[in-house]
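Worksheet: the structure to be examined is printed underneath.
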Amino acid sequence: YTQIVLRERPVGDILPDTFTIESKPFDAKLDPGSEQALVQITYLSLDPAMRGWLRDTRSYMPPVQIGEVMRAGGLGVVVKAGEGSKFSVGDLVSGTLGWTEYAVLPDKKLTKIIPPPGTTALDFLNTLGMPGMTAYFGLHDVGQIKAGETLVVSGAAGAVGSLTCQLGKAVGARVIAIAGSTEKCAWLEQELGVDKAINYKSPTFKEDFKNAVGYLDVFFDNVGGDILDFALTRLKKGARIALCGAISEYNSTKPKGLTSYLTLIAQRAKIQGFIVFDYESEYPRAIAEMAKALANGSIKRKFHIVEGLENAPKALPMLFSGGNTGKLVVKVSDA
Ligand code: NDP
């Protein structure tokens, strides 16, 4: 079976030789021990955070080591249950499975998935999984969004961003989306119903931002860098900035500093970073709410599916070049 390991830590962009594809025999290593299960992987999630896991620095989890299977969240099917395992063959599970076709994991690292009516297993990598939970808790708990407020979302056509925009509309906020192409902006306006989408690559971006936004109450930031710095000049009194991510800086050895943060003082604004895993105990309530919205069509989902595990190393950099609209996943098998 195939697995993909980290060969070399990238300094800037992820390169073709960052990873190595290995072929492994079906040997005793795939025999699940007590309270373990062997999982055949179906889909893997590609996430900007994976760039951070390649960096040997202090973070919210340790880096992937050289020679180790690349870490990745995913879905799979239990094909063999070890002694005393709570799982049965055929169970659908999610977990940190990694860039491999098969993985043995302890029961406690796997979650059984039963898609609620109107949803699919794949939704657990998107709306009902990490991106959805990030949008939900980032917007409600950190952003404290309220009806009638102006919400600006960067990275708006991506997985987290597109869900954040829709949750913002659902609470009755005025939503301005920022994305990197006219196609993405059209999708955001026409399909997702944002009030206005603006292209940050346009030479008139700052003017467009001022005209569309005026001043903002909540900035949900997926991008960081220059866009964040400019957004800081457009704060209303009491504005909240939810620092979700800073993808514009992840490949950089010297992330950009902010020059406009003094507005936080004058506007009594609040800027707060967050990590979605801290809300784990509250996921069930958010999943139930999001599942209802998926089933009744009030939340729309979009996937960008790349076929074949061997294409994961080429697909991951798409997150940084903007090749994806919606949630980027790799299909590993039909299991
Ligand atoms: P996306 O699906 O949004 O993919 C990334 C997108 O970022 C690309 O499609 C691209 O769109 C945009 N982008 C890439 N480079 C730049 C740049 N230099 N400037 C502006 N936009 C850029 O990924 P996710 O939804 O999975 O993640 C979005 C953000 O949320 C990331 O920053 C991620 O780290 C963060 N995150 C944080 C979590 C937390 O717990 N805090 C949990 C999960 C995600 P475009 O064409 O518009 O440029």
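Here's how to read the names in the structure tokens: chain A, B, ... by the order shown, residue numbers from 1 in each chain, ligand numbers from 1 in the order shown.
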With a distance cut-off of 6 Å and only C-alpha atoms, select the neighbouring residues of range 241-243 of chain A, excluding the residue or stretch itself and same-chain residues fewer than 2 positions from it, and output the selection as a tab-separated table (two decimals) with C-alpha atoms, in the first residue's frame.
```tsv
chain	number	residue	atom	x	y	z
A	142	VAL	CA	-14.59	35.19	19.13
A	143	GLY	CA	-16.27	37.57	16.67
A	218	VAL	CA	-16.20	42.13	12.82
A	219	PHE	CA	-13.22	41.09	10.72
A	220	PHE	CA	-12.86	37.32	10.37
A	221	ASP	CA	-9.31	36.96	9.12
A	245	GLY	CA	-5.36	32.21	10.16
A	271	ILE	CA	-8.08	41.29	18.34
A	272	GLN	CA	-8.08	37.64	19.35
A	273	GLY	CA	-6.49	34.50	17.99
```
*Skipping near chain neighbours, those fewer than 2 positions away, what residues fall within 10 Å of Phe277 in chain A using only C-alpha atoms, listed as a ChimeraX atom specification?*
/A:60,130,133-134,274-275,279-283
*Find the residues around range 70-87 of chain A up to 9 Å (only C-alpha atoms counted), leave out those fewer than 4 positions away in its own chain, and share them as a ChimeraX atom specification.*
/A:3-6,19,31-47,50,53-54,64-65,91-100,102,106-107,112-113,121-122,124-125,329,333,335
*Show me which residues sit within 6 Å of ligand 1 when counting only C-alpha atoms and all ligand atoms, and put them as an NGL selection string.*
:A and (47-49 or 131 or 134 or 155 or 157-161 or 179-181 or 222-223 or 244-248 or 274-276 or 319-327)
Dump C-alpha atoms for the selected residues as a tab-separated table (two decimals), in the first residue's frame?
```
chain	number	residue	atom	x	y	z
A	47	ASP	CA	-5.48	22.18	5.35
A	48	PRO	CA	-3.31	25.30	5.46
A	49	ALA	CA	-2.29	24.27	8.99
A	131	PRO	CA	-13.67	24.11	8.84
A	134	THR	CA	-13.78	27.00	13.00
A	155	GLY	CA	-10.10	34.06	2.31
A	157	ALA	CA	-14.08	31.48	-1.07
A	158	GLY	CA	-12.21	28.81	0.88
A	159	ALA	CA	-13.59	26.18	3.23
A	160	VAL	CA	-13.68	28.22	6.46
A	161	GLY	CA	-14.35	31.53	4.71
A	179	ALA	CA	-11.27	36.60	-2.41
A	180	GLY	CA	-8.64	36.31	-5.13
A	181	SER	CA	-10.51	36.05	-8.44
A	222	ASN	CA	-8.00	33.90	7.32
A	223	VAL	CA	-5.20	35.67	5.49
A	244	CYS	CA	-8.36	32.55	12.44
A	245	GLY	CA	-5.36	32.21	10.16
A	246	ALA	CA	-2.71	34.10	8.21
A	247	ILE	CA	-2.22	32.05	5.07
A	248	SER	CA	-0.42	34.89	3.26
A	274	PHE	CA	-8.17	31.15	18.52
A	275	ILE	CA	-7.69	27.43	17.87
A	276	VAL	CA	-10.80	25.46	17.04
A	319	LEU	CA	-4.21	26.23	-0.91
A	320	PHE	CA	-1.43	28.80	-1.25
A	321	SER	CA	-1.96	29.60	-4.92
A	322	GLY	CA	-5.74	29.83	-4.56
A	323	GLY	CA	-6.46	26.84	-6.81
A	324	ASN	CA	-9.37	25.70	-4.66
A	325	THR	CA	-12.88	27.04	-4.21
A	326	GLY	CA	-14.54	25.49	-1.16
A	327	LYS	CA	-13.05	22.56	0.72
```
*Pairwise distance for CA of Gly168 in chain A and CA of Leu228 in chain A, rounded to one decimal in Å*: 18.8 Å
*Pick out the closest residue to Val152 in chain A from this set: A:Leu128, A:Val11, A:Ala197, A:Leu188. Count only C-alpha atoms.*
A:Ala197
*Which of range 75-279 of chain A DSSP labels strand (DSSP E or B), written as a PyMOL selection string*: chain A and resi 75-81+92-96+100+102-106+110-112+150-153+158+174-179+196-199+216-221+235-243+270-273
*Using only C-alpha atoms, find the one residue out of A:Ile227, A:Pro25, A:Thr111, A:Gly308 that sits nearest to Val153 in chain A.*
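Closest to Val153 in chain A, using only C-alpha atoms: A:Ile227.
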*Mind checking DSSP for range 103-287 of chain A and telling me the helix (DSSP H, G or I) residues as a PyMOL selection string?*
chain A and resi 107-109+121-125+130-142+159-170+182-190+205-213+225-234+247-249+263-266+276-287
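The smallest atom-to-atom distance between Leu139 in chain A and any of A:Leu167, A:Leu192, A:Ile66, A:Ile114, using only C-alpha atoms, is found for A:Leu167.
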*Of the candidates A:Lys237, A:Arg285, A:Gly67, A:Gly132, which one gets nearest to Ala266 in chain A if we count only C-alpha atoms?*
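Closest candidate: A:Lys237.
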*Tell me, as a VMD selection string, which residues lie within 10 Å of Pro117 in chain A, counting only C-alpha atoms; anything in the same chain fewer than 6 positions away does not count.*
chain A and resid 291 to 292 294 to 295
_Nearest to Gly193 in chain A, chosen from A:Pro16, A:Pro284, A:Gly172, A:Gly118, with only C-alpha atoms counted in the distances_ =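 Among the listed residues, A:Gly172 lies closest to Gly193 in chain A.
Distance annotation: of A:Gly90, A:Gly138, A:Gly148, A:Gly225, the residue with the minimal separation from Ser252 in chain A is A:Gly225; atom set is only C-alpha atoms.
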_Rounded to one decimal, what separation in Å do you get between CA of Phe303 in chain A and CA of Ser59 in chain A?_
28.4 Å
